[in-house]
$ cat protein_5.txt   # compact mmCIF, C-alpha atoms
# COMPACT_ATOMS: atom_id res chain seq x y z
CA MET A 1 53.63 215.16 -11.09
CA THR A 2 51.94 211.85 -10.12
CA ASP A 3 54.15 208.76 -9.88
CA VAL A 4 51.93 206.08 -11.38
CA ARG A 5 54.24 203.30 -10.25
CA MET A 6 54.02 204.46 -6.64
CA THR A 7 50.30 205.14 -6.94
CA ASP A 8 49.69 201.49 -7.90
CA ALA A 9 51.81 200.04 -5.09
CA GLY A 10 48.75 198.20 -3.79
CA VAL A 11 48.20 196.43 -7.11
CA GLU A 12 51.90 195.54 -7.28
CA LEU A 13 51.73 193.96 -3.82
CA LEU A 14 48.61 191.97 -4.73
CA GLU A 15 50.21 190.78 -7.98
CA ARG A 16 53.29 189.68 -6.09
CA LEU A 17 51.18 187.77 -3.58
CA LEU A 18 49.25 186.06 -6.37
CA GLU A 19 52.49 185.02 -8.08
CA ARG A 20 53.81 183.54 -4.83
CA SER A 21 50.59 181.61 -4.33
CA GLU A 22 50.65 180.21 -7.86
CA ARG A 23 54.29 179.16 -7.65
CA ASN A 24 53.63 177.10 -4.52
CA PRO A 25 49.99 175.99 -4.80
CA TYR A 26 50.34 173.03 -2.43
CA ARG A 27 52.20 174.58 0.48
CA SER A 28 50.50 174.44 3.87
CA TRP A 29 50.72 178.16 4.62
CA SER A 30 49.29 181.12 2.71
CA ALA A 31 51.45 183.59 0.86
CA SER A 32 51.85 186.85 2.71
CA ALA A 33 53.83 190.08 2.53
CA ALA A 34 54.43 193.25 4.51
CA PRO A 35 53.89 196.61 2.76
CA ASP A 36 56.88 198.77 1.92
CA TYR A 37 55.74 202.07 3.34
CA ASP A 38 59.05 203.69 2.44
CA ARG A 39 57.76 203.80 -1.16
CA LEU A 40 54.66 205.74 -0.14
CA SER A 41 55.97 209.25 0.37
CA THR A 42 52.66 211.17 0.35
CA ALA A 43 49.39 210.86 2.20
CA GLN A 44 47.62 210.48 -1.18
CA GLN A 45 49.76 207.47 -2.10
CA MET A 46 49.22 205.83 1.30
CA SER A 47 45.45 206.39 1.10
CA ARG A 48 45.28 204.86 -2.37
CA PHE A 49 47.39 201.91 -1.24
CA HIS A 50 45.06 201.23 1.70
CA ASP A 51 42.00 201.56 -0.54
CA GLN A 52 43.40 198.98 -2.98
CA ILE A 53 44.29 196.46 -0.26
CA THR A 54 41.02 196.83 1.67
CA ALA A 55 39.04 196.48 -1.57
CA ALA A 56 40.76 193.13 -2.15
CA GLU A 57 39.88 192.14 1.43
CA ARG A 58 36.20 193.02 0.91
CA PHE A 59 36.28 190.82 -2.22
CA GLY A 60 37.35 187.92 -0.01
CA SER A 61 40.73 187.37 -1.66
CA VAL A 62 43.08 188.55 1.11
CA GLU A 63 43.13 189.12 4.84
CA VAL A 64 44.57 192.37 6.17
CA LYS A 65 46.40 192.40 9.49
CA TRP A 66 46.72 195.88 10.97
CA GLY A 67 49.37 197.08 13.37
CA LYS A 68 48.80 197.52 17.10
CA ARG A 69 48.70 200.55 19.34
CA ASP A 70 50.46 203.49 17.71
CA GLN A 71 50.86 201.43 14.50
CA GLY A 72 47.14 200.71 14.25
CA HIS A 73 46.71 202.96 11.21
CA LEU A 74 49.24 200.92 9.23
CA ILE A 75 48.91 197.52 7.58
CA GLU A 76 51.30 195.03 9.16
CA ARG A 77 50.77 192.15 6.76
CA VAL A 78 48.57 191.03 3.86
CA VAL A 79 47.74 187.32 3.66
CA VAL A 80 46.18 185.53 0.68
CA ARG A 81 42.87 183.82 1.49
CA ASP A 82 41.83 182.68 -1.99
CA ALA A 83 44.23 182.89 -4.95
CA GLU A 84 41.48 182.36 -7.51
CA LEU A 85 39.43 185.21 -6.06
CA LEU A 86 42.56 187.38 -6.00
CA ALA A 87 43.14 186.72 -9.70
CA ARG A 88 39.53 187.64 -10.43
CA HIS A 89 39.87 190.79 -8.35
CA LEU A 90 42.95 191.77 -10.36
CA GLY A 91 41.05 191.15 -13.59
CA ARG A 92 43.13 188.31 -14.97
CA PRO A 93 42.80 184.56 -15.21
CA THR A 94 44.76 182.38 -12.83
CA ALA A 95 48.08 180.95 -13.96
CA PRO A 96 46.59 177.40 -14.16
CA ALA A 97 43.76 178.67 -16.34
CA THR A 98 46.19 180.53 -18.59
CA ALA A 99 48.45 177.49 -18.80
CA GLN A 100 45.53 175.27 -19.80
CA ARG A 101 44.44 177.73 -22.49
CA VAL A 102 47.96 177.84 -23.91
CA ARG A 103 48.18 174.04 -23.82
CA ASP A 104 44.91 173.78 -25.75
CA GLU A 105 46.35 176.13 -28.36
CA LEU A 106 49.64 174.26 -28.65
CA LEU A 107 48.27 170.72 -28.51
CA PRO A 108 47.33 170.49 -32.24
CA VAL A 109 50.96 171.36 -33.09
CA ALA A 110 52.52 169.01 -30.55
CA ALA A 111 50.16 166.18 -31.57
CA THR A 112 51.69 166.08 -35.05
CA GLY A 113 54.87 164.69 -33.45
CA GLU A 114 55.71 161.59 -31.48
CA PRO A 115 54.07 161.08 -28.04
CA TRP A 116 57.10 162.44 -26.18
CA VAL A 117 56.41 165.89 -27.66
CA ILE A 118 53.00 165.97 -25.95
CA THR A 119 54.64 164.78 -22.73
CA LEU A 120 57.00 167.75 -22.95
CA LEU A 121 54.02 170.07 -23.48
CA ASP A 122 52.40 168.67 -20.33
CA ASP A 123 55.60 169.25 -18.36
CA MET A 124 55.82 172.83 -19.60
CA THR A 125 52.13 173.40 -18.85
CA ALA A 126 52.71 172.36 -15.23
CA ARG A 127 55.44 174.97 -14.94
CA TRP A 128 53.31 177.67 -16.57
CA ALA A 129 50.56 176.83 -14.09
CA ARG A 130 52.99 177.89 -11.36
CA SER A 131 53.74 181.19 -13.14
CA GLU A 132 57.18 179.88 -14.10
CA ALA A 133 58.95 180.02 -17.44
CA ALA A 134 59.65 176.69 -19.13
CA TYR A 135 62.80 176.53 -21.27
CA ARG A 136 62.78 180.33 -21.07
CA LEU A 137 59.29 180.50 -22.57
CA THR A 138 56.44 182.02 -20.56
CA ALA A 139 52.75 181.31 -21.01
CA GLY A 140 52.48 184.71 -22.68
CA GLN A 141 54.84 183.75 -25.54
CA VAL A 142 52.37 181.61 -27.45
CA ASP A 143 53.71 182.37 -30.93
CA ALA A 144 57.27 181.50 -29.92
CA ALA A 145 56.04 178.32 -28.23
CA LYS A 146 54.23 177.32 -31.44
CA GLU A 147 57.48 177.68 -33.37
CA PHE A 148 59.31 175.64 -30.75
CA PHE A 149 56.80 172.79 -30.85
CA SER A 150 56.61 172.89 -34.65
CA LEU A 151 60.37 172.31 -34.75
CA LEU A 152 60.24 169.57 -32.11
CA ALA A 153 57.35 167.76 -33.79
CA SER A 154 59.17 167.85 -37.11
CA ILE A 155 62.38 166.56 -35.50
CA SER A 156 60.43 163.72 -33.87
CA ARG A 157 59.18 162.73 -37.35
CA GLU A 158 62.83 162.46 -38.51
CA GLU A 159 62.38 165.39 -40.90
CA ALA A 160 65.62 167.10 -39.89
CA ARG A 161 67.74 164.20 -41.07
CA GLY A 162 70.10 165.12 -43.88
CA LEU A 163 69.13 168.81 -43.95
CA ASP A 164 71.04 171.93 -43.00
CA ALA A 165 69.52 174.11 -40.27
CA ARG A 166 68.08 176.83 -42.52
CA THR A 167 66.47 174.37 -44.93
CA PHE A 168 64.98 172.38 -42.07
CA SER A 169 63.74 175.54 -40.36
CA LYS A 170 61.98 176.68 -43.54
CA LYS A 171 60.40 173.25 -43.98
CA ALA A 172 59.17 173.02 -40.38
CA THR A 173 58.01 176.60 -39.75
CA ASN A 174 58.17 178.46 -43.06
CA ASP A 175 60.83 180.69 -41.46
CA THR A 176 64.51 180.09 -42.17
CA LYS A 177 65.61 181.70 -38.88
CA ALA A 178 63.22 179.95 -36.48
CA PHE A 179 65.71 177.17 -35.73
CA ASP A 180 68.39 179.68 -34.73
CA ARG A 181 65.95 181.43 -32.37
CA HIS A 182 65.22 178.17 -30.57
CA ALA A 183 68.54 176.33 -30.98
CA SER A 184 69.62 176.46 -27.33
CA ARG A 185 66.28 175.27 -25.94
CA LEU A 186 66.03 172.59 -28.63
CA ALA A 187 69.49 171.33 -27.67
CA ALA A 188 68.49 171.30 -23.98
CA VAL A 189 65.31 169.28 -24.62
CA LEU A 190 66.86 166.88 -27.10
CA GLY A 191 69.99 166.37 -24.98
CA VAL A 192 67.75 164.95 -22.25
CA ARG A 193 65.80 162.99 -24.84
CA ILE A 194 68.90 161.19 -26.15
CA GLY A 195 70.17 160.49 -22.64
CA GLN A 196 72.89 163.15 -22.67
CA PRO A 197 71.74 166.12 -20.59
CA GLY A 198 73.93 169.13 -21.26
CA ALA A 199 75.45 167.61 -24.41
CA ALA A 200 77.10 170.00 -26.85
CA ALA A 201 74.75 171.22 -29.55
CA ASP A 202 76.78 169.58 -32.33
CA VAL A 203 76.35 166.20 -30.64
CA VAL A 204 72.59 166.72 -30.46
CA TRP A 205 72.35 167.84 -34.09
CA THR A 206 74.25 164.73 -35.14
CA HIS A 207 71.75 162.54 -33.29
CA ILE A 208 68.82 164.06 -35.15
CA GLY A 209 70.69 164.00 -38.47
CA LEU A 210 70.83 167.77 -38.83
CA GLU A 211 73.89 169.17 -40.56
CA ARG A 212 74.79 172.76 -41.21
CA PHE A 213 76.22 171.36 -44.42
CA SER A 214 77.28 167.78 -44.99
CA HIS A 215 80.91 166.96 -44.23
CA PRO A 216 82.90 164.57 -46.43
CA ILE A 217 83.44 161.00 -45.25
CA HIS A 218 87.10 160.14 -44.74
CA LEU A 219 87.95 156.50 -45.42
CA ARG A 220 90.51 154.04 -46.67
CA GLY A 221 89.54 150.73 -48.29
CA PRO A 222 88.12 148.86 -51.29
CA VAL A 223 85.24 151.16 -52.23
CA ALA A 224 84.84 153.64 -55.05
CA VAL A 225 82.54 156.29 -56.44
CA GLY A 226 82.20 156.32 -60.19
CA GLU A 227 80.19 157.23 -63.26
CA ALA A 228 79.75 155.43 -66.55
CA ASP A 229 82.81 157.15 -68.02
CA GLY A 230 85.17 156.50 -65.13
CA ARG A 231 85.99 156.39 -61.44
CA LEU A 232 85.68 159.65 -59.53
CA VAL A 233 87.02 158.60 -56.11
CA ASP A 234 88.98 155.48 -55.26
CA GLY A 235 88.86 154.60 -51.58
CA ARG A 236 92.23 152.87 -51.81
CA ALA A 237 94.03 156.18 -52.40
CA ARG A 238 96.84 157.02 -50.00
CA PRO A 239 96.76 158.03 -47.24
CA PHE A 240 92.96 158.10 -47.46
CA ALA A 241 90.12 159.33 -49.67
CA SER A 242 87.11 161.55 -49.00
CA ILE A 243 83.61 161.00 -50.35
CA HIS A 244 80.84 163.55 -50.08
CA PRO A 245 77.47 162.15 -48.91
CA GLU A 246 75.81 163.44 -52.08
CA MET A 247 77.97 160.99 -54.05
CA LEU A 248 76.77 157.87 -52.23
CA GLN A 249 74.33 156.86 -54.95
CA GLN A 250 77.37 156.11 -57.09
CA LEU A 251 79.16 154.08 -54.39
CA SER A 252 80.34 150.55 -55.08
CA VAL A 253 82.31 147.98 -53.08
CA LEU A 254 85.27 146.84 -55.19
CA GLU A 255 86.11 143.72 -53.19
CA ARG A 256 85.31 142.14 -49.89
CA PRO A 257 87.19 143.94 -47.06
CA THR A 258 88.82 141.83 -44.36
CA THR A 259 87.08 143.94 -41.71
CA ILE A 260 85.13 147.17 -41.45
CA LEU A 261 86.60 149.39 -38.75
CA THR A 262 85.16 152.74 -37.68
CA ILE A 263 87.37 155.09 -35.68
CA GLU A 264 86.18 157.92 -33.45
CA ASN A 265 89.18 160.26 -33.36
CA TYR A 266 91.10 161.84 -36.23
CA ALA A 267 94.63 161.18 -34.97
CA SER A 268 93.92 157.48 -34.47
CA PHE A 269 92.27 157.28 -37.90
CA ASN A 270 95.32 158.84 -39.53
CA ARG A 271 97.68 156.44 -37.77
CA GLN A 272 95.54 153.40 -38.62
CA VAL A 273 95.38 154.12 -42.37
CA ARG A 274 99.11 154.92 -42.51
CA GLU A 275 100.49 152.15 -40.30
CA ILE A 276 98.20 149.14 -40.86
CA GLU A 277 97.82 147.45 -44.23
CA ASP A 278 95.40 144.54 -43.89
CA GLY A 279 92.68 145.02 -46.51
CA SER A 280 90.23 146.56 -44.05
CA LEU A 281 87.78 149.35 -44.79
CA ILE A 282 88.62 152.11 -42.28
CA VAL A 283 86.05 154.89 -41.73
CA TYR A 284 86.48 158.04 -39.62
CA THR A 285 83.30 158.87 -37.66
CA GLY A 286 84.41 162.28 -36.40
CA GLY A 287 83.04 161.68 -32.90
CA PHE A 288 79.32 161.06 -33.22
CA PRO A 289 78.86 159.98 -36.85
CA ALA A 290 77.05 162.45 -39.04
CA ALA A 291 74.11 161.39 -41.17
CA GLY A 292 76.37 160.90 -44.20
CA VAL A 293 78.66 158.52 -42.31
CA VAL A 294 75.68 156.49 -41.09
CA GLU A 295 74.27 156.32 -44.62
CA PHE A 296 77.64 155.21 -46.00
CA LEU A 297 78.04 152.48 -43.38
CA ALA A 298 74.49 151.26 -43.90
CA LYS A 299 75.11 150.91 -47.64
CA VAL A 300 78.39 149.06 -47.12
CA LEU A 301 77.05 146.74 -44.41
CA THR A 302 74.14 145.84 -46.66
CA ALA A 303 76.43 145.21 -49.63
CA VAL A 304 79.06 143.01 -47.95
CA ALA A 305 78.59 139.55 -46.48
CA ALA A 306 77.49 139.34 -42.86
CA GLU A 307 80.66 137.35 -42.14
CA VAL A 308 82.79 140.46 -42.63
CA PRO A 309 83.55 141.65 -39.08
CA PHE A 310 82.37 145.15 -38.19
CA LEU A 311 84.38 146.83 -35.40
CA HIS A 312 84.52 150.24 -33.75
CA TRP A 313 87.44 151.88 -31.94
CA GLY A 314 86.72 154.83 -29.68
CA ASP A 315 87.53 156.35 -26.32
CA VAL A 316 86.75 154.39 -23.18
CA ASP A 317 84.61 157.04 -21.55
CA ALA A 318 80.97 158.10 -21.51
CA GLY A 319 81.18 159.76 -24.93
CA GLY A 320 82.90 156.79 -26.53
CA VAL A 321 80.32 154.37 -25.15
CA ARG A 322 77.46 156.53 -26.36
CA ILE A 323 78.98 156.73 -29.85
CA PHE A 324 79.30 152.94 -29.90
CA ARG A 325 75.67 152.58 -28.80
CA TYR A 326 74.56 155.07 -31.45
CA LEU A 327 76.15 152.90 -34.13
CA GLU A 328 74.46 149.82 -32.69
CA GLU A 329 71.06 151.47 -32.78
CA ASN A 330 71.30 153.10 -36.21
CA LEU A 331 72.92 150.51 -38.48
CA PRO A 332 71.76 147.19 -40.02
CA ARG A 333 74.10 145.42 -37.60
CA GLY A 334 76.07 146.73 -34.68
CA PRO A 335 79.84 146.80 -34.30
CA ARG A 336 82.03 144.92 -31.87
CA PRO A 337 84.54 146.87 -29.76
CA HIS A 338 88.16 147.22 -30.87
CA LEU A 339 90.68 148.21 -28.15
CA MET A 340 87.79 149.29 -25.91
CA THR A 341 88.15 147.23 -22.72
CA LYS A 342 88.24 147.74 -18.98
CA ASP A 343 91.67 146.07 -18.80
CA LEU A 344 93.19 148.56 -21.25
CA ALA A 345 91.59 151.49 -19.40
CA VAL A 346 92.91 150.26 -16.06
CA LYS A 347 96.37 149.82 -17.54
CA SER A 348 96.69 153.01 -19.61
CA GLY A 349 93.81 155.30 -18.63
CA GLN A 350 93.39 158.19 -16.21
CA PRO A 351 91.29 158.24 -12.99
CA ALA A 352 87.75 159.52 -13.53
CA ASP A 353 84.40 159.80 -11.78
CA ALA A 354 81.65 157.25 -12.33
CA ASP A 355 78.89 158.44 -14.66
CA PRO A 356 75.47 157.00 -13.69
CA SER A 357 73.93 158.42 -16.87
CA LEU A 358 75.32 155.34 -18.63
CA ALA A 359 72.94 153.12 -16.66
CA SER A 360 70.53 152.69 -19.57
CA ILE A 361 73.32 151.33 -21.78
CA ALA A 362 74.54 149.09 -18.95
CA ARG A 363 71.05 147.57 -18.79
CA SER A 364 70.73 147.20 -22.57
CA ASP A 365 71.83 144.45 -24.96
CA SER A 366 74.83 146.53 -26.07
CA ALA A 367 78.11 144.79 -26.74
CA LEU A 368 79.58 147.37 -24.33
CA ARG A 369 77.04 146.86 -21.54
CA GLU A 370 79.64 145.49 -19.09
CA LEU A 371 82.04 148.35 -19.84
CA ALA A 372 79.16 150.82 -19.47
CA ASP A 373 78.26 149.29 -16.11
CA TRP A 374 81.83 149.75 -14.86
CA LEU A 375 81.99 153.34 -16.10
CA ALA A 376 78.60 154.07 -14.54
CA PHE A 377 78.99 152.44 -11.15
CA GLY A 378 82.61 151.33 -10.66
CA SER A 379 84.67 152.49 -7.70
CA ASP A 380 87.93 152.55 -9.67
CA VAL A 381 86.81 154.11 -12.93
CA ARG A 382 89.44 155.19 -15.43
CA HIS A 383 88.99 156.84 -18.82
CA LEU A 384 91.16 155.98 -21.82
CA GLU A 385 91.63 158.25 -24.81
CA GLN A 386 92.20 156.10 -27.86
CA GLU A 387 95.18 158.24 -28.92
CA ALA A 388 97.05 156.76 -25.95
CA LEU A 389 97.13 153.40 -27.78
CA ASP A 390 98.99 152.38 -30.90
CA PRO A 391 96.93 151.10 -33.83
CA GLU A 392 96.54 147.33 -34.06
CA ARG A 393 95.21 144.91 -36.59
CA PRO A 394 91.72 143.93 -35.49
CA TRP A 395 92.40 140.19 -35.83
CA ALA A 396 92.47 139.61 -32.09
CA ASP A 397 88.98 141.09 -31.75
CA VAL A 398 87.70 138.96 -34.61
CA THR A 399 89.21 135.64 -33.50
CA ALA A 400 88.17 136.15 -29.88
CA SER A 401 84.49 136.60 -30.75

$ encode --input "protein_5.txt" --output "structure tokens"
Amino acid sequence: MTDVRMTDAGVELLERLLERSERNPYRSWSASAAPDYDRLSTAQQMSRFHDQITAAERFGSVEVKWGKRDQGHLIERVVVRDAELLARHLGRPTAPATAQRVRDELLPVAATGEPWVITLLDDMTARWARSEAAYRLTAGQVDAAKEFFSLLASISREEARGLDARTFSKKATNDTKAFDRHASRLAAVLGVRIGQPGAAADVVWTHIGLERFSHPIHLRGPVAVGEADGRLVDGRARPFASIHPEMLQQLSVLERPTTILTIENYASFNRQVREIEDGSLIVYTGGFPAAGVVEFLAKVLTAVAAEVPFLHWGDVDAGGVRIFRYLEENLPRGPRPHLMTKDLAVKSGQPADADPSLASIARSDSALRELADWLAFGSDVRHLEQEALDPERPWADVTAS
């Protein structure tokens, strides 16, 4: 019985040489390889192998180096002379040509998004041109790549905001499961895009406003949700109340709060609403604030006077700084920090490594730019979890500003 795989050993070697050439197109030496004669167990297989390699040499695509003396009947090494000719000899387009064709096919999809989506396509095309996968997609997976770029383009147009994954997936691709198929690569791309490479998927989904299903907003303060025949939720309830984002159209501010304070962590939120009575509106962000929390804060900040201080209390670490910056960038006015200082971190925090990824915030106009600079480049960096501190009235923050 003929072993087709062994019979085509010459083609396999030529394919391998072409792949090596395409992966390193600018190296100063040509790709080469020595035959594996141990795979050629019969004279027929060896003859066919030699015929295939010498045919490629006659085509001008490779150079064959034969052995010397008693090894003169064996090929010592095969060296690529012209990768494009080798691709033609093998009957397939070169990887750069394939990559360009795929880019042309994907460009109309990517162009419906923001410019950074096309930039990503160009980056992936460069990798395909080297016969590499890009975000685990090869140049041969055109349909999957179209789905991927359809989702990205839609995300860049802010169309994921406020939707659960299945609804968004249906809207973007007409397939409810497309998002799940691409979730890990979407998170990888978007994590870099938001300046948090390797961020947990939930953090990324929060940034783009995607929610599996909206979570209630936990708060304590002078707001209410009501209908014509009565009040449904009173934000002054003890220890706190919860409002679902779908109820925000019925939201009203009952009286001017002394301050608006957002809190990153649940334990600190619970202590603040139980231990401090000062007429503030306290809102739990749950780490990175979900779309419903952002919508609630935007409505409240628009409704109350600009003189009402807006503060945020979070961890003194990279995540806490990024949450603070997210609030600054996504609300009508940004918060000021509450219990988020270098001095407190030095006093009560734990030693940590500097995180240069905070450099962009350190160079921004953020109210935490100096703290971000220390966390990014300091030699004595310490992180402080907010649970290590007792709740305090925010008056000191307000009067010091």

$ residues_around --input "protein_5.txt" --residues "range 13-30 of chain A" --least-positions-apart "6" --cutoff "10 Å" --atoms "all atoms listed in the file" --output "VMD selection string"
chain A and resid 36 49 52 to 53 56 61 to 62 78 to 87 89 to 90 94 to 96 127 to 132

$ write_last_selection --input "protein_5.txt" --atoms "C-alpha atoms" --output "compact mmCIF listing (two decimals), keeping the file's coordinate frame"
# COMPACT_ATOMS: atom_id res chain seq x y z
CA ASP A 36 56.88 198.77 1.92
CA PHE A 49 47.39 201.91 -1.24
CA GLN A 52 43.40 198.98 -2.98
CA ILE A 53 44.29 196.46 -0.26
CA ALA A 56 40.76 193.13 -2.15
CA SER A 61 40.73 187.37 -1.66
CA VAL A 62 43.08 188.55 1.11
CA VAL A 78 48.57 191.03 3.86
CA VAL A 79 47.74 187.32 3.66
CA VAL A 80 46.18 185.53 0.68
CA ARG A 81 42.87 183.82 1.49
CA ASP A 82 41.83 182.68 -1.99
CA ALA A 83 44.23 182.89 -4.95
CA GLU A 84 41.48 182.36 -7.51
CA LEU A 85 39.43 185.21 -6.06
CA LEU A 86 42.56 187.38 -6.00
CA ALA A 87 43.14 186.72 -9.70
CA HIS A 89 39.87 190.79 -8.35
CA LEU A 90 42.95 191.77 -10.36
CA THR A 94 44.76 182.38 -12.83
CA ALA A 95 48.08 180.95 -13.96
CA PRO A 96 46.59 177.40 -14.16
CA ARG A 127 55.44 174.97 -14.94
CA TRP A 128 53.31 177.67 -16.57
CA ALA A 129 50.56 176.83 -14.09
CA ARG A 130 52.99 177.89 -11.36
CA SER A 131 53.74 181.19 -13.14
CA GLU A 132 57.18 179.88 -14.10

$ closest_residue --input "protein_5.txt" --among "A:Val142, A:Ala165, A:Ala305, A:Leu186" --to "Val117 in chain A" --atoms "all atoms listed in the file"
A:Leu186

$ closest_residue --input "protein_5.txt" --among "A:Ala354, A:His244, A:Phe324, A:Leu344" --to "Ala367 in chain A" --atoms "only C-alpha atoms"
A:Phe324

$ residues_around --input "protein_5.txt" --residues "Asp373 in chain A" --least-positions-apart "4" --cutoff "12 Å" --atoms "only C-alpha atoms" --output "ChimeraX atom specification"
/A:317-318,321,342,354-369,377-379,381

$ atom_distance --input "protein_5.txt" --atom1 "CA of Gly286 in chain A" --atom2 "CA of Gly226 in chain A"
24.6 Å

$ closest_residue --input "protein_5.txt" --among "A:Trp116, A:Trp66, A:Trp374, A:Trp313" --to "Val192 in chain A" --atoms "all atoms listed in the file"
A:Trp116

$ atom_distance --input "protein_5.txt" --atom1 "CA of Asp234 in chain A" --atom2 "CA of Gly221 in chain A"
8.5 Å
